[in-house]
$ cat model-v7.txt   # compact mmCIF, C-alpha atoms
# COMPACT_ATOMS: atom_id res chain seq x y z
CA MET P 1 174.44 60.51 -20.24
CA THR P 2 173.35 61.25 -16.67
CA ASN P 3 174.41 58.96 -13.89
CA LEU P 4 171.23 58.27 -12.00
CA ARG P 5 171.39 57.58 -8.30
CA LYS P 6 171.07 53.85 -7.63
CA VAL P 7 168.46 53.16 -4.97
CA THR P 8 167.12 49.86 -3.69
CA VAL P 9 163.65 50.16 -2.21
CA GLY P 10 161.72 47.52 -0.30
CA VAL P 11 157.95 47.81 -0.72
CA THR P 12 155.15 45.95 1.02
CA GLY P 13 151.47 45.82 0.07
CA LEU P 14 151.80 43.81 -3.15
CA ASN P 15 148.29 42.40 -2.72
CA ASN P 16 146.75 44.00 -5.75
CA ILE P 17 143.41 42.30 -5.15
CA ASP P 18 139.79 43.42 -4.68
CA SER P 19 140.80 45.27 -1.55
CA PRO P 20 144.12 46.37 -2.96
CA GLY P 21 147.27 47.19 -1.07
CA PRO P 22 149.11 50.35 -2.13
CA GLY P 23 152.38 48.59 -3.05
CA ILE P 24 151.92 48.28 -6.79
CA PRO P 25 150.70 51.85 -7.40
CA VAL P 26 153.50 53.12 -5.14
CA ILE P 27 155.99 51.22 -7.30
CA ARG P 28 154.42 52.60 -10.48
CA GLY P 29 154.97 56.10 -9.14
CA LEU P 30 158.55 55.32 -8.15
CA ARG P 31 159.24 53.81 -11.58
CA GLU P 32 158.15 57.06 -13.22
CA SER P 33 160.82 59.03 -11.42
CA LYS P 34 163.53 60.29 -13.70
CA ASP P 35 165.96 60.81 -10.84
CA PHE P 36 166.69 57.25 -9.75
CA ASP P 37 168.07 54.00 -11.06
CA LEU P 38 165.63 51.95 -9.08
CA ARG P 39 165.70 48.37 -7.85
CA VAL P 40 162.42 47.33 -6.24
CA ILE P 41 162.34 44.56 -3.67
CA GLY P 42 158.87 43.27 -2.90
CA LEU P 43 158.18 42.23 0.68
CA ALA P 44 155.20 39.88 0.76
CA TYR P 45 153.13 38.06 3.36
CA GLU P 46 151.16 35.76 1.07
CA HIS P 47 152.44 33.62 -1.79
CA LEU P 48 149.64 34.78 -4.06
CA GLU P 49 150.09 38.51 -3.70
CA PRO P 50 149.87 39.46 -7.38
CA GLY P 51 152.69 42.01 -7.23
CA ILE P 52 155.18 39.20 -6.61
CA TYR P 53 154.64 38.03 -10.19
CA MET P 54 154.73 41.48 -11.82
CA SER P 55 158.34 41.22 -12.93
CA ASP P 56 158.18 44.47 -14.92
CA LEU P 57 157.55 46.35 -11.67
CA VAL P 58 159.13 44.22 -8.94
CA ASP P 59 162.72 43.02 -9.39
CA LYS P 60 162.68 40.45 -6.62
CA THR P 61 160.35 39.48 -3.79
CA TYR P 62 161.01 38.04 -0.35
CA MET P 63 158.46 36.60 2.02
CA ILE P 64 158.33 38.31 5.42
CA PRO P 65 156.62 37.13 8.63
CA TYR P 66 153.10 38.30 9.48
CA PRO P 67 152.84 41.27 11.84
CA ALA P 68 151.34 38.92 14.46
CA GLU P 69 154.76 37.22 14.77
CA GLY P 70 156.15 40.44 16.18
CA LYS P 71 158.80 42.97 15.33
CA ASP P 72 161.76 40.77 16.27
CA ALA P 73 160.80 38.12 13.70
CA LEU P 74 160.35 40.88 11.12
CA PHE P 75 163.74 42.38 11.98
CA ARG P 76 165.55 39.05 11.71
CA ARG P 77 164.05 38.50 8.27
CA LEU P 78 164.90 42.03 7.14
CA VAL P 79 168.51 41.49 8.25
CA GLU P 80 168.67 38.38 6.04
CA ILE P 81 167.13 40.21 3.10
CA ASN P 82 169.40 43.20 3.59
CA GLN P 83 172.50 41.00 3.48
CA LYS P 84 171.53 40.06 -0.06
CA GLU P 85 169.97 43.27 -1.30
CA LYS P 86 171.53 46.19 0.60
CA LEU P 87 168.23 48.00 0.95
CA ASP P 88 168.39 51.80 1.06
CA VAL P 89 164.74 52.41 1.90
CA ILE P 90 161.64 50.49 2.95
CA ILE P 91 158.17 51.84 2.23
CA PRO P 92 155.67 49.91 4.38
CA ASN P 93 152.12 50.10 3.10
CA PHE P 94 149.96 48.22 5.60
CA ASP P 95 148.41 49.70 8.71
CA ALA P 96 148.91 46.41 10.55
CA GLU P 97 152.69 46.33 10.00
CA LEU P 98 153.36 49.99 10.75
CA PHE P 99 153.66 49.51 14.49
CA SER P 100 156.59 47.10 13.96
CA PHE P 101 158.27 49.28 11.35
CA ILE P 102 157.96 52.37 13.54
CA LYS P 103 159.44 50.46 16.48
CA LEU P 104 162.27 49.19 14.27
CA GLU P 105 163.05 52.57 12.74
CA LYS P 106 166.35 53.06 14.58
CA LYS P 107 167.54 49.47 14.21
CA LEU P 108 166.82 49.59 10.49
CA GLU P 109 168.67 52.89 10.24
CA GLU P 110 171.70 51.18 11.81
CA LEU P 111 171.53 48.66 8.97
CA GLY P 112 171.51 51.53 6.51
CA ILE P 113 167.78 51.21 5.76
CA LYS P 114 165.77 54.42 5.94
CA THR P 115 162.04 54.75 6.50
CA TYR P 116 159.79 57.82 6.60
CA LEU P 117 157.09 57.12 9.11
CA PRO P 118 154.97 58.91 11.68
CA SER P 119 156.04 58.69 15.30
CA LEU P 120 154.38 56.06 17.47
CA GLU P 121 152.44 58.86 19.18
CA GLN P 122 151.14 60.22 15.89
CA PHE P 123 150.30 56.70 14.77
CA GLU P 124 148.38 55.81 17.93
CA GLU P 125 146.61 59.13 18.23
CA ARG P 126 144.76 58.78 14.90
CA HIS P 127 143.41 55.28 15.59
CA LYS P 128 139.75 54.89 14.71
CA SER P 129 138.97 54.32 18.36
CA ASN P 130 140.55 57.69 19.29
CA LEU P 131 138.76 59.64 16.59
CA PRO P 132 136.32 61.57 18.81
CA ALA P 133 139.19 62.86 20.97
CA TYR P 134 141.19 63.56 17.83
CA GLY P 135 138.33 65.58 16.35
CA GLU P 136 138.03 67.64 19.50
CA LYS P 137 141.74 68.25 19.81
CA TYR P 138 142.22 69.40 16.23
CA GLY P 139 138.82 71.02 15.65
CA VAL P 140 137.57 68.57 13.03
CA ASN P 141 134.02 67.18 12.63
CA VAL P 142 133.99 63.45 13.35
CA PRO P 143 131.12 60.99 13.73
CA SER P 144 130.41 59.91 17.26
CA GLY P 145 131.76 56.46 18.00
CA THR P 146 133.05 54.14 20.61
CA GLU P 147 135.11 51.01 20.89
CA VAL P 148 133.51 47.77 22.00
CA PHE P 149 135.18 44.67 23.38
CA SER P 150 132.27 42.24 23.73
CA ILE P 151 128.75 41.57 22.51
CA SER P 152 127.31 42.94 25.74
CA ASP P 153 129.40 46.10 25.20
CA LEU P 154 127.98 46.27 21.72
CA ASP P 155 124.45 45.83 23.02
CA ASN P 156 124.90 48.66 25.52
CA THR P 157 126.43 50.97 22.93
CA LEU P 158 123.71 50.37 20.35
CA LYS P 159 120.98 51.25 22.83
CA SER P 160 121.97 54.89 22.57
CA MET P 161 122.49 54.98 18.79
CA ASN P 162 120.21 55.08 15.74
CA TYR P 163 120.50 52.56 12.92
CA PRO P 164 122.22 52.24 10.59
CA VAL P 165 125.58 52.24 12.34
CA MET P 166 129.04 51.52 11.00
CA ILE P 167 130.87 48.52 12.46
CA LYS P 168 134.59 48.84 11.82
CA GLY P 169 137.58 46.55 12.24
CA LYS P 170 140.58 47.73 14.23
CA TYR P 171 142.71 48.03 11.09
CA TYR P 172 140.50 47.40 8.06
CA ASP P 173 136.95 46.75 6.94
CA ALA P 174 133.76 48.63 7.68
CA TYR P 175 130.17 47.49 7.34
CA LYS P 176 126.85 49.23 7.69
CA ALA P 177 124.53 47.44 10.13
CA TYR P 178 120.79 48.01 10.09
CA SER P 179 119.92 45.85 13.09
CA PHE P 180 121.40 44.43 16.28
CA GLU P 181 121.67 40.98 14.65
CA GLN P 182 123.65 42.39 11.75
CA ALA P 183 125.87 44.35 14.12
CA VAL P 184 126.62 41.19 16.13
CA SER P 185 127.47 39.29 12.98
CA TYR P 186 129.90 42.03 11.82
CA PHE P 187 131.34 42.35 15.33
CA THR P 188 132.10 38.61 15.43
CA ASN P 189 133.57 38.65 11.95
CA MET P 190 135.71 41.76 12.58
CA SER P 191 136.99 40.80 16.01
CA GLY P 192 138.00 37.39 14.65
CA LYS P 193 139.81 38.96 11.73
CA TRP P 194 141.48 42.02 13.21
CA GLY P 195 141.20 41.54 16.96
CA LEU P 196 139.66 43.87 19.54
CA PRO P 197 138.40 46.48 19.91
CA VAL P 198 135.79 46.78 17.20
CA ILE P 199 134.62 50.32 16.55
CA VAL P 200 130.96 51.31 16.40
CA GLN P 201 130.48 54.59 14.62
CA GLU P 202 127.56 56.87 13.82
CA PHE P 203 126.60 56.57 10.14
CA ILE P 204 126.98 59.85 8.31
CA ARG P 205 125.04 60.15 5.07
CA GLY P 206 126.81 61.91 2.22
CA THR P 207 129.36 61.69 -0.53
CA GLU P 208 132.57 59.77 0.12
CA VAL P 209 135.61 61.88 -0.58
CA ASN P 210 139.25 61.29 0.28
CA VAL P 211 142.46 63.26 0.42
CA ILE P 212 145.90 61.76 -0.04
CA ALA P 213 148.55 63.84 1.71
CA LEU P 214 152.25 63.80 2.47
CA GLY P 215 153.76 65.55 5.47
CA ASP P 216 157.42 66.25 6.12
CA GLY P 217 157.28 65.82 9.89
CA LYS P 218 157.89 69.53 10.45
CA GLY P 219 154.31 70.61 9.82
CA ASN P 220 154.64 71.19 6.08
CA LEU P 221 152.15 69.75 3.65
CA ILE P 222 154.30 68.51 0.76
CA ALA P 223 151.54 67.06 -1.39
CA ALA P 224 147.76 66.72 -1.29
CA VAL P 225 145.15 65.63 -3.81
CA PRO P 226 141.41 65.35 -3.07
CA MET P 227 139.36 62.65 -4.77
CA ARG P 228 135.73 61.70 -4.94
CA LYS P 229 134.87 58.02 -5.12
CA GLN P 230 132.79 57.35 -8.21
CA TYR P 231 132.42 53.59 -8.03
CA ILE P 232 132.52 51.80 -4.71
CA THR P 233 132.84 48.03 -4.28
CA ASP P 234 130.92 46.01 -1.72
CA LYS P 235 134.06 46.26 0.41
CA GLY P 236 133.80 50.03 0.32
CA LYS P 237 136.85 50.38 -1.91
CA ALA P 238 137.01 52.95 -4.67
CA TRP P 239 137.02 51.20 -8.04
CA GLY P 240 136.80 54.50 -9.83
CA GLY P 241 137.46 58.03 -8.67
CA ILE P 242 138.02 61.57 -9.85
CA THR P 243 140.23 64.38 -8.58
CA ILE P 244 138.20 67.38 -7.47
CA ASP P 245 138.83 71.06 -6.91
CA ASP P 246 137.90 71.34 -3.24
CA LYS P 247 139.80 73.89 -1.23
CA SER P 248 138.10 72.95 2.04
CA MET P 249 139.51 69.42 1.78
CA LEU P 250 142.99 70.76 1.09
CA ASP P 251 142.65 73.16 4.01
CA LEU P 252 141.66 70.28 6.27
CA ALA P 253 144.66 68.23 5.13
CA GLU P 254 146.94 71.20 5.72
CA LYS P 255 145.46 71.81 9.16
CA ILE P 256 145.92 68.18 10.23
CA ILE P 257 149.43 67.87 8.80
CA SER P 258 150.60 71.15 10.27
CA ARG P 259 149.07 70.66 13.71
CA THR P 260 150.14 67.04 14.10
CA LYS P 261 153.48 67.48 12.29
CA TRP P 262 152.68 64.25 10.50
CA LYS P 263 155.62 62.50 8.88
CA GLY P 264 154.95 60.40 5.81
CA GLY P 265 151.95 59.55 3.69
CA MET P 266 148.38 59.59 4.91
CA GLU P 267 144.85 59.36 3.66
CA LEU P 268 141.91 61.25 5.10
CA GLU P 269 138.63 59.42 4.61
CA LEU P 270 135.84 61.98 4.62
CA ILE P 271 132.13 62.36 4.05
CA ARG P 272 130.63 65.52 2.65
CA THR P 273 127.06 65.89 3.86
CA SER P 274 124.24 67.51 1.90
CA ASP P 275 124.63 70.66 4.04
CA ASN P 276 128.24 70.79 2.86
CA LYS P 277 129.94 69.77 6.11
CA LEU P 278 133.04 67.60 6.02
CA TYR P 279 133.27 64.74 8.51
CA LEU P 280 136.51 62.90 9.09
CA LEU P 281 135.82 59.15 9.24
CA GLU P 282 139.36 57.80 9.39
CA ILE P 283 142.98 58.70 9.01
CA ASN P 284 144.94 55.96 7.30
CA PRO P 285 148.57 56.30 8.31
CA ARG P 286 150.09 55.45 4.94
CA ILE P 287 149.72 56.03 1.25
CA PRO P 288 146.36 54.72 -0.05
CA ALA P 289 145.91 52.29 -2.94
CA TRP P 290 144.59 55.03 -5.24
CA VAL P 291 147.88 56.95 -5.05
CA TYR P 292 148.49 56.50 -8.77
CA LEU P 293 145.60 58.93 -9.43
CA ALA P 294 147.65 61.59 -7.63
CA VAL P 295 150.64 60.69 -9.82
CA GLY P 296 148.43 61.00 -12.91
CA ALA P 297 147.14 64.35 -11.66
CA GLY P 298 150.65 65.75 -11.38
CA GLN P 299 151.81 64.91 -7.86
CA ASN P 300 154.16 61.95 -7.80
CA ILE P 301 153.75 61.31 -4.09
CA PRO P 302 155.72 58.02 -3.99
CA GLU P 303 158.69 59.76 -5.62
CA ALA P 304 158.41 62.70 -3.21
CA LEU P 305 158.24 60.28 -0.29
CA LEU P 306 161.35 58.46 -1.50
CA LYS P 307 163.21 61.75 -1.86
CA LEU P 308 162.20 62.86 1.63
CA THR P 309 163.31 59.49 2.98
CA LEU P 310 166.70 59.91 1.36
CA GLY P 311 167.04 63.39 2.88
CA MET P 312 166.68 65.17 -0.44
CA ASP P 313 165.07 68.58 -0.73
CA VAL P 314 161.44 68.35 -1.82
CA LYS P 315 159.46 71.46 -2.60
CA PRO P 316 155.75 71.30 -1.79
CA PHE P 317 153.50 70.66 -4.78
CA THR P 318 151.33 73.67 -5.51
CA LYS P 319 148.91 72.28 -8.08
CA TYR P 320 147.29 69.20 -9.54
CA ASP P 321 144.88 68.53 -12.39
CA PHE P 322 141.28 68.19 -11.31
CA GLY P 323 138.88 66.10 -13.36
CA LYS P 324 141.45 63.27 -13.69
CA MET P 325 139.87 59.89 -13.20
CA PHE P 326 141.09 56.45 -12.32
CA VAL P 327 139.26 53.33 -13.36
CA ARG P 328 140.56 50.23 -11.65
CA TYR P 329 140.53 46.85 -13.32
CA SER P 330 141.49 43.28 -12.60
CA TYR P 331 143.81 41.28 -14.83
CA ASP P 332 144.65 37.61 -14.92
CA MET P 333 148.36 36.85 -15.07
CA ILE P 334 149.48 33.43 -16.19
CA VAL P 335 152.14 32.16 -13.82
CA ASP P 336 154.27 29.04 -14.16
CA LEU P 337 154.00 26.65 -11.26
CA GLU P 338 157.80 26.63 -11.08
CA LEU P 339 157.80 30.27 -9.93
CA PHE P 340 155.21 29.59 -7.27
CA SER P 341 157.06 26.51 -6.02
CA ARG P 342 160.36 28.43 -5.87
CA LEU P 343 158.70 31.13 -3.77
CA THR P 344 157.00 28.70 -1.42
CA THR P 345 160.13 26.61 -0.87
CA THR P 346 162.82 29.30 -0.70
CA GLY P 347 160.81 32.33 0.43
CA GLU P 348 162.10 34.45 -2.41
CA LEU P 349 161.48 34.96 -6.09
CA MET M 1 121.22 83.71 -12.06
CA ILE M 2 124.89 82.85 -12.24
CA ILE M 3 126.52 79.53 -13.05
CA LYS M 4 129.50 78.72 -10.84
CA GLY M 5 132.64 79.96 -12.51
CA ASN M 6 134.49 76.66 -12.52
CA ILE M 7 131.72 74.62 -14.17
CA ALA M 8 132.98 73.11 -17.41
CA LEU M 9 130.63 72.63 -20.37
CA SER M 10 131.91 70.76 -23.41
CA GLU M 11 130.60 71.07 -26.95
CA ASN M 12 128.82 67.73 -26.73
CA GLY M 13 126.81 68.84 -23.69
CA PHE M 14 128.91 67.21 -20.98
CA VAL M 15 128.89 69.26 -17.78
CA PHE M 16 131.52 68.77 -15.07
CA ASN M 17 131.54 70.31 -11.62
CA PRO M 18 135.19 70.14 -10.49
CA SER M 19 134.29 71.01 -6.88
CA THR M 20 132.16 67.92 -6.37
CA GLY M 21 133.25 65.58 -9.18
CA ASP M 22 129.66 65.42 -10.45
CA SER M 23 129.07 65.18 -14.17
CA PHE M 24 125.89 65.51 -16.23
CA THR M 25 124.87 65.13 -19.84
CA LEU M 26 122.63 67.76 -21.41
CA ASN M 27 120.59 67.48 -24.59
CA ASN M 28 120.96 70.15 -27.25
CA SER M 29 118.40 72.55 -25.84
CA GLY M 30 119.80 72.13 -22.31
CA LYS M 31 123.26 72.91 -23.61
CA GLU M 32 121.99 76.02 -25.41
CA VAL M 33 120.25 77.26 -22.28
CA LEU M 34 123.28 76.65 -20.08
CA MET M 35 125.50 78.48 -22.54
CA MET M 36 123.13 81.45 -22.55
CA ILE M 37 123.07 81.51 -18.75
CA LYS M 38 126.88 81.45 -18.78
CA GLU M 39 126.81 84.40 -21.18
CA GLY M 40 124.78 86.32 -18.59
CA LYS M 41 121.36 86.27 -20.26
CA ASN M 42 118.30 86.36 -18.03
CA LEU M 43 115.34 83.98 -18.20
CA THR M 44 113.19 86.34 -20.30
CA GLN M 45 115.94 86.78 -22.87
CA ILE M 46 116.53 83.02 -22.98
CA ALA M 47 112.81 82.33 -23.33
CA ASP M 48 112.59 84.81 -26.24
CA MET M 49 115.41 83.06 -28.05
CA MET M 50 113.97 79.60 -27.42
CA ILE M 51 110.50 80.66 -28.64
CA ALA M 52 112.03 82.00 -31.83
CA LYS M 53 113.87 78.77 -32.41
CA TYR M 54 111.49 76.06 -31.23
CA ASP M 55 107.88 75.39 -32.00
CA ALA M 56 106.46 75.91 -28.52
CA ASP M 57 104.43 78.55 -26.70
CA ARG M 58 105.87 80.94 -24.09
CA ILE M 59 104.17 79.28 -21.11
CA THR M 60 105.60 75.86 -21.97
CA ILE M 61 109.07 77.24 -22.62
CA GLU M 62 109.10 79.25 -19.40
CA ARG M 63 107.92 76.26 -17.38
CA TYR M 64 110.72 74.10 -18.82
CA LEU M 65 113.24 76.85 -18.18
CA GLU M 66 112.21 77.18 -14.54
CA ASP M 67 112.48 73.41 -14.06
CA PHE M 68 115.86 73.39 -15.72
CA VAL M 69 117.23 76.23 -13.61
CA ASN M 70 115.88 74.50 -10.51
CA ASP M 71 117.74 71.31 -11.53
CA LEU M 72 120.93 73.32 -11.98
CA SER M 73 120.51 74.77 -8.52
CA VAL M 74 119.71 71.44 -6.85
CA ASN M 75 122.82 69.98 -8.44
CA ASN M 76 125.07 72.72 -7.06
CA LEU M 77 125.83 74.26 -10.42
CA MET M 78 124.52 77.74 -9.57
CA GLU M 79 126.01 80.36 -7.31
CA ASP M 80 123.96 80.80 -4.10

$ encode --input "model-v7.txt" --output "structure tokens"
Amino acid sequence: MTNLRKVTVGVTGLNNIDSPGPGIPVIRGLRESKDFDLRVIGLAYEHLEPGIYMSDLVDKTYMIPYPAEGKDALFRRLVEINQKEKLDVIIPNFDAELFSFIKLEKKLEELGIKTYLPSLEQFEERHKSNLPAYGEKYGVNVPSGTEVFSISDLDNTLKSMNYPVMIKGKYYDAYKAYSFEQAVSYFTNMSGKWGLPVIVQEFIRGTEVNVIALGDGKGNLIAAVPMRKQYITDKGKAWGGITIDDKSMLDLAEKIISRTKWKGGMELELIRTSDNKLYLLEINPRIPAWVYLAVGAGQNIPEALLKLTLGMDVKPFTKYDFGKMFVRYSYDMIVDLELFSRLTTTGEL
Amino acid sequence: MIIKGNIALSENGFVFNPSTGDSFTLNNSGKEVLMMIKEGKNLTQIADMMIAKYDADRITIERYLEDFVNDLSVNNLMED
């Protein structure tokens, strides 16, 4: 019998809801690894994040403070959790928390907790608001766009654009606005939810396609799988998708990873226009929620990420199955009130 | 008239374009025509075979064939 390496991994993003976090599919990928004896510690912000109650996937969950409370509050809580769990690795899965985790990288390392994240520079550079400069620097087509800080800013910006336009939150959410009134409504909603700036972007008509990619921080593309969204929710999330055989998307992922020396998981959100041009809409600086499709297509990206984090040798994937689909579904779990009350009173379950 | 090499056609008439993720369902005659195009037959040869098999005149068959090939092209299933 083989002695598997015991690893305790903290994972955030357990909100497996209509706009799902990547935590649960990341854990599914990790659980499929044959190289680890895994203990998964969920790190949750909300008491009703469904992953907390998925005891077949998550061994134990601890509540952690919201990113708005700052990195010091997060660090104090992680110290407490680490005293009980001796975490080896944390895989953060939210854009909004990444700043804190990147800043805490060294302090966490001193506690014996490893992460595998982009540098602060890499993280900041790919912000939606920096996309035009990013496109120019790396030779990638991007929609024109600008950041706005007020309604009068918005008004001025829209005077030089054609409707529809995309109104995007700093971290999440994007809506198509067909009029100034709609744009104002989305601006107000988005600035209240995610803060300023709000991004106004040219609307590019075409097919939504995405690439999930993993970089090793030295310019090597370790994994990449392109996907076309087949069913899109009113929040713009893929509820069904299919892996496709598109070399130009892989080339783009390789170009971005190698030129930026990106470290960690990322998702390229792209549009393919009818004249076959690829436009980069966003770079999400972490593994996306559809990562399990990549696992199903032959690239276990969560496992590869864990191995890289632990300093193990990971050879780049060279193939994947195209024509693999994912179909997302929702599922009602029945949860005893006792579990919920234990979590809300003690902060752990 | 060449179908893209990576286009998959199943026995039940399901067509999948792995480059775009598009899929289509063909009826029996559509499937037969696509298979003949994949085999390298030209439109005249295909029309001859369809006339022999189906109860329709050449003009009708050729018109349907042209429409069908146009649909294949519009849907990115043909080589440029």

$ closest_atom_pairs --input "model-v7.txt" --of "chain M" --to "chain P" --cutoff "12 Å" --atoms "only C-alpha atoms" --output "tab-separated table"
residue	atom	partner	partner_atom	distance
M:Asn6	CA	P:Asp245	CA	9.0
M:Ile7	CA	P:Asp245	CA	10.8
M:Ala8	CA	P:Gly323	CA	10.0
M:Val15	CA	P:Gly323	CA	11.4
M:Phe16	CA	P:Gly323	CA	8.0
M:Asn17	CA	P:Ile244	CA	8.4
M:Pro18	CA	P:Ile244	CA	5.1
M:Ser19	CA	P:Asp245	CA	4.5
M:Thr20	CA	P:Ile244	CA	6.2
M:Gly21	CA	P:Ile244	CA	5.5
M:Asp22	CA	P:Gln230	CA	8.9
M:Ser23	CA	P:Gly323	CA	9.9
M:Val74	CA	P:Ser274	CA	10.6
M:Asn75	CA	P:Ser274	CA	10.7
M:Asn76	CA	P:Ser274	CA	10.4

$ atom_distance --input "model-v7.txt" --atom1 "CA of Met63 (chain P)" --atom2 "CA of Ala44 (chain P)"
4.8 Å

$ axis_aligned_box --input "model-v7.txt" --around "region 8-12 of chain M" --padding-each-side "5 Å" --output "lines of an AutoDock Vina configuration file"
center_x = 130.9
center_y = 70.4
center_z = -22.2
size_x = 14.2
size_y = 15.4
size_z = 19.5

$ atom_distance --input "model-v7.txt" --atom1 "CA of Met161 (chain P)" --atom2 "CA of Glu202 (chain P)"
7.3 Å

$ atom_distance --input "model-v7.txt" --atom1 "CA of Asn220 (chain P)" --atom2 "CA of Ile41 (chain P)"
29.4 Å

$ residues_around --input "model-v7.txt" --residues "Met35 (chain M)" --least-positions-apart "5" --cutoff "9 Å" --atoms "all atoms listed in the file" --output "ChimeraX atom specification"
/M:9,30,40

$ residues_around --input "model-v7.txt" --residues "Leu38 (chain P)" --least-positions-apart "6" --cutoff "7 Å" --atoms "all atoms listed in the file" --output "ChimeraX atom specification"
/P:6-8

$ residues_near_point --input "model-v7.txt" --point "(143.6, 59.2, 3.7)" --cutoff "9 Å" --atoms "only C-alpha atoms" --output "VMD selection string"
chain P and resid 210 to 213 265 to 270 282 to 288

$ closest_residue --input "model-v7.txt" --among "P:Tyr279, P:Phe180, P:Tyr53, P:Tyr116" --to "Ile90 (chain P)" --atoms "all atoms listed in the file"
P:Tyr116

$ residues_around --input "model-v7.txt" --residues "Gly13 (chain M)" --least-positions-apart "3" --cutoff "7 Å" --atoms "all atoms listed in the file" --output "short mmCIF file (atom, residue, chain, number, x, y, z; two decimals) with C-alpha atoms, in the coordinates of the input"
data_model
loop_
_atom_site.label_atom_id
_atom_site.label_comp_id
_atom_site.auth_asym_id
_atom_site.auth_seq_id
_atom_site.Cartn_x
_atom_site.Cartn_y
_atom_site.Cartn_z
CA LEU M 9 130.63 72.63 -20.37
CA SER M 10 131.91 70.76 -23.41
CA THR M 25 124.87 65.13 -19.84
CA LEU M 26 122.63 67.76 -21.41
CA ASN M 27 120.59 67.48 -24.59
CA ASN M 28 120.96 70.15 -27.25
CA LYS M 31 123.26 72.91 -23.61
#

$ residues_around --input "model-v7.txt" --residues "region 17-19 of chain P" --least-positions-apart "6" --cutoff "9 Å" --atoms "only C-alpha atoms" --output "PyMOL selection string"
chain P and resi 49-50+233+235-237+239+289+330

$ residues_around --input "model-v7.txt" --residues "Ile61 (chain M)" --least-positions-apart "3" --cutoff "9 Å" --atoms "only C-alpha atoms" --output "PyMOL selection string"
chain M and resi 47+50-51+56-58+64-66

$ closest_residue --input "model-v7.txt" --among "M:Phe14, M:Asp48, M:Lys38, M:Asp71" --to "Ile2 (chain M)" --atoms "only C-alpha atoms"
M:Lys38

$ closest_residue --input "model-v7.txt" --among "P:Ser179, P:Thr61, P:Gln83, P:Asn3" --to "Asp155 (chain P)" --atoms "only C-alpha atoms"
P:Ser179
